[in-house]
Amino acid sequence: MIEFGLKDFIDILLVAVMLYYIYRVMHESRSMNVFVGIIIFIVFWVFVSQVLEMRLLGSILDKLVSVGFIAIIVIFQEDIRKFLYDLGAHRRVRTLAKFFSLHRSENSDDAAQKDVIMPIVMAAMSMSKGRVGALIVIERNVPLDDIVNTGEVIDAAISQRLIENIFFKNSPLHDGAVVISKRRIKSAGCILPVSHDLDIPKELGLRHRAALGMSQESDALCIVVSEETGGISIARNGSFNLRLSAEELEATLTELLQES
């Protein structure tokens with residue numbers, strides 16, 4: 001008679017949770033075929049080794065599994081990194097941390113956030129009307145020190161005029177990105193990782209690819225003003241919100257920054 005206790009239930013539950021998270025990462029990275037192939041191989045390996053007890057074939061598969069594990073880490077290093085980040089920065093954990101931060105004042109936080117958001121919104125709308133290209137990265141929970149160091153460190157208060165001057169067409173810093181951290185403009189002319197996602201619409205240029213790449217590697221909010229169309233977009237978590245109005249941009253920034 002097979003005994004089934006609490007430890008067995010917890011064991012099955014943990015395996016189910018692990019498989020669910022792996023499935024989610026693979027689904028988001030469009031690697032479902034690889035995931036299904038790995039599952040089929042594991043089932044076949046267990047069947048040959050444990051059920052049929054084929055020693056020669058089982059030993060060959062054992063070697064393939066040991067080498068394949070390293071290969072999977074190399075091939076899917078970015079997906080694994082994103083999975084570990086999602087696990088560590090889970091929204092419920094952040095919400096719980098906020099709940100216990102009783103010394104923080106909601107009113108002062110709202111006012112401070114408005115001082116950050118409104119100059120960005122006004123600058124984005126002004127540059128949109130003038131068809132001035134811009135790329136603004138707002139740091140959230142993941143530090144962007146490595147990105148900050150690729151540009152010119154400014155460490156200045158956020159203002160509409162400063163943002164517009166940085167992205168003025170004759171400015172030496174207009175081609176790079178501005179990084180905003182801790183309610184200050186930390187750096188300008190920064191170089192961002194470019195996404196090689198094939199699903200990006202062809203009408204979106206290099207700024208959009210850089211914004212998407214940054215949002216795939218961190219939880220930063222990336223605001224893009226298109227030089228060709230004047231359209232305003234936000235990249236976050238590897239996806240775009242395109243063609244935003246001033247009201248939509250303000251509402252989106254307010255909502256997302258409150259989650260940080």
# chains A, B, ... in the order shown; residues from 1 in each chain; ligands from 1
>>> residues_around(residues="Val148 (chain A)", least_positions_apart="4", cutoff="10 Å", atoms="only C-alpha atoms", output="PyMOL selection string")
chain A and resi 143-144+152-154+177-181+185-192
>>> residues_around(residues="Gln216 (chain A)", least_positions_apart="5", cutoff="9 Å", atoms="only C-alpha atoms", output="ChimeraX atom specification")
/A:82,195,211,235-239
>>> residues_around(residues="region 228-234 of chain A", least_positions_apart="4", cutoff="7 Å", atoms="only C-alpha atoms", output="list in words")
Ser128, Lys129, Arg131, Leu221, Cys222, Ile223, Val224, Phe240, Asn241, Leu242, Arg243 and Leu244 of chain A
>>> write_last_selection(atoms="all heavy atoms", output="short mmCIF file (atom, residue, chain, number, x, y, z; two decimals), in the first residue's frame")
data_model
loop_
_atom_site.label_atom_id
_atom_site.label_comp_id
_atom_site.auth_asym_id
_atom_site.auth_seq_id
_atom_site.Cartn_x
_atom_site.Cartn_y
_atom_site.Cartn_z
N SER A 128 7.14 65.94 -28.63
CA SER A 128 6.26 65.27 -29.59
C SER A 128 5.75 66.25 -30.64
O SER A 128 5.74 65.94 -31.83
CB SER A 128 5.08 64.63 -28.85
OG SER A 128 4.14 64.10 -29.74
N LYS A 129 5.37 67.44 -30.20
CA LYS A 129 4.89 68.46 -31.14
C LYS A 129 5.99 68.91 -32.09
O LYS A 129 5.74 69.19 -33.26
CB LYS A 129 4.33 69.66 -30.37
CG LYS A 129 3.03 69.35 -29.62
CD LYS A 129 2.56 70.56 -28.84
CE LYS A 129 1.29 70.25 -28.07
NZ LYS A 129 0.83 71.40 -27.23
N ARG A 131 8.51 67.07 -33.03
CA ARG A 131 9.13 65.90 -33.66
C ARG A 131 10.60 65.77 -33.26
O ARG A 131 11.49 65.56 -34.10
CB ARG A 131 9.01 65.97 -35.19
CG ARG A 131 7.58 66.01 -35.71
CD ARG A 131 6.88 64.68 -35.53
NE ARG A 131 5.49 64.73 -35.96
CZ ARG A 131 5.09 64.47 -37.19
NH1 ARG A 131 5.98 64.17 -38.13
NH2 ARG A 131 3.81 64.51 -37.51
N LEU A 221 10.98 51.80 -16.52
CA LEU A 221 10.00 52.34 -17.46
C LEU A 221 10.76 53.16 -18.50
O LEU A 221 11.56 54.03 -18.15
CB LEU A 221 8.99 53.24 -16.75
CG LEU A 221 8.19 52.61 -15.61
CD1 LEU A 221 7.26 53.64 -15.00
CD2 LEU A 221 7.41 51.41 -16.10
N CYS A 222 10.52 52.88 -19.77
CA CYS A 222 11.25 53.55 -20.84
C CYS A 222 10.26 54.33 -21.71
O CYS A 222 9.39 53.74 -22.35
CB CYS A 222 12.01 52.53 -21.69
SG CYS A 222 13.17 51.52 -20.73
N ILE A 223 10.42 55.64 -21.72
CA ILE A 223 9.54 56.52 -22.50
C ILE A 223 10.25 56.89 -23.80
O ILE A 223 11.41 57.33 -23.78
CB ILE A 223 9.19 57.79 -21.72
CG1 ILE A 223 8.55 57.42 -20.37
CG2 ILE A 223 8.27 58.70 -22.52
CD1 ILE A 223 8.43 58.59 -19.42
N VAL A 224 9.56 56.71 -24.91
CA VAL A 224 10.13 56.99 -26.23
C VAL A 224 9.28 58.03 -26.93
O VAL A 224 8.05 57.91 -26.99
CB VAL A 224 10.20 55.73 -27.11
CG1 VAL A 224 10.92 56.04 -28.42
CG2 VAL A 224 10.90 54.59 -26.38
N PHE A 240 5.12 47.11 -25.26
CA PHE A 240 4.93 48.53 -25.53
C PHE A 240 3.50 48.97 -25.25
O PHE A 240 2.54 48.22 -25.45
CB PHE A 240 5.22 48.84 -27.01
CG PHE A 240 6.66 49.09 -27.32
CD1 PHE A 240 7.35 48.23 -28.17
CD2 PHE A 240 7.33 50.16 -26.77
CE1 PHE A 240 8.67 48.45 -28.47
CE2 PHE A 240 8.66 50.39 -27.06
CZ PHE A 240 9.33 49.53 -27.91
N ASN A 241 3.36 50.22 -24.78
CA ASN A 241 2.11 50.97 -24.84
C ASN A 241 2.36 52.10 -25.84
O ASN A 241 3.13 53.02 -25.56
CB ASN A 241 1.74 51.58 -23.47
CG ASN A 241 1.28 50.52 -22.49
OD1 ASN A 241 1.36 49.34 -22.76
ND2 ASN A 241 0.83 50.95 -21.33
N LEU A 242 1.74 52.01 -26.99
CA LEU A 242 2.03 52.93 -28.09
C LEU A 242 1.01 54.05 -28.20
O LEU A 242 -0.12 53.93 -27.74
CB LEU A 242 2.07 52.15 -29.42
CG LEU A 242 3.13 51.05 -29.53
CD1 LEU A 242 2.93 50.24 -30.80
CD2 LEU A 242 4.54 51.64 -29.49
N ARG A 243 1.46 55.15 -28.83
CA ARG A 243 0.59 56.29 -29.17
C ARG A 243 -0.22 56.79 -27.95
O ARG A 243 -1.44 56.79 -27.97
CB ARG A 243 -0.33 55.93 -30.34
CG ARG A 243 0.43 55.70 -31.63
CD ARG A 243 -0.49 55.31 -32.76
NE ARG A 243 -1.01 53.96 -32.57
CZ ARG A 243 -0.38 52.85 -32.92
NH1 ARG A 243 0.81 52.92 -33.46
NH2 ARG A 243 -0.91 51.67 -32.73
N LEU A 244 0.49 57.20 -26.93
CA LEU A 244 -0.16 57.68 -25.71
C LEU A 244 -0.41 59.18 -25.78
O LEU A 244 0.43 59.95 -26.28
CB LEU A 244 0.72 57.38 -24.49
CG LEU A 244 1.01 55.90 -24.19
CD1 LEU A 244 1.99 55.79 -23.04
CD2 LEU A 244 -0.27 55.15 -23.87
#
>>> residues_around(residues="Gly133 (chain A)", least_positions_apart="3", cutoff="6 Å", atoms="only C-alpha atoms", output="JSON, numbers by chain")
{"A": [225, 226, 227]}
>>> write_last_selection(atoms="N, CA and C atoms", output="mmCIF file, in the first residue's frame")
data_model
loop_
_atom_site.group_PDB
_atom_site.id
_atom_site.type_symbol
_atom_site.label_atom_id
_atom_site.label_comp_id
_atom_site.auth_asym_id
_atom_site.auth_seq_id
_atom_site.Cartn_x
_atom_site.Cartn_y
_atom_site.Cartn_z
ATOM 1 N N VAL A 225 9.922 59.061 -27.468
ATOM 2 C CA VAL A 225 9.266 60.021 -28.361
ATOM 3 C C VAL A 225 9.848 59.791 -29.747
ATOM 4 N N SER A 226 8.985 59.461 -30.702
ATOM 5 C CA SER A 226 9.445 59.159 -32.053
ATOM 6 C C SER A 226 9.788 60.432 -32.807
ATOM 7 N N GLU A 227 10.971 60.437 -33.429
ATOM 8 C CA GLU A 227 11.387 61.594 -34.230
ATOM 9 C C GLU A 227 10.620 61.658 -35.542
#
>>> closest_residue(among="A:Ser126, A:Thr254, A:Ser59, A:Ser218", to="Phe167 (chain A)", atoms="only C-alpha atoms")
A:Ser126
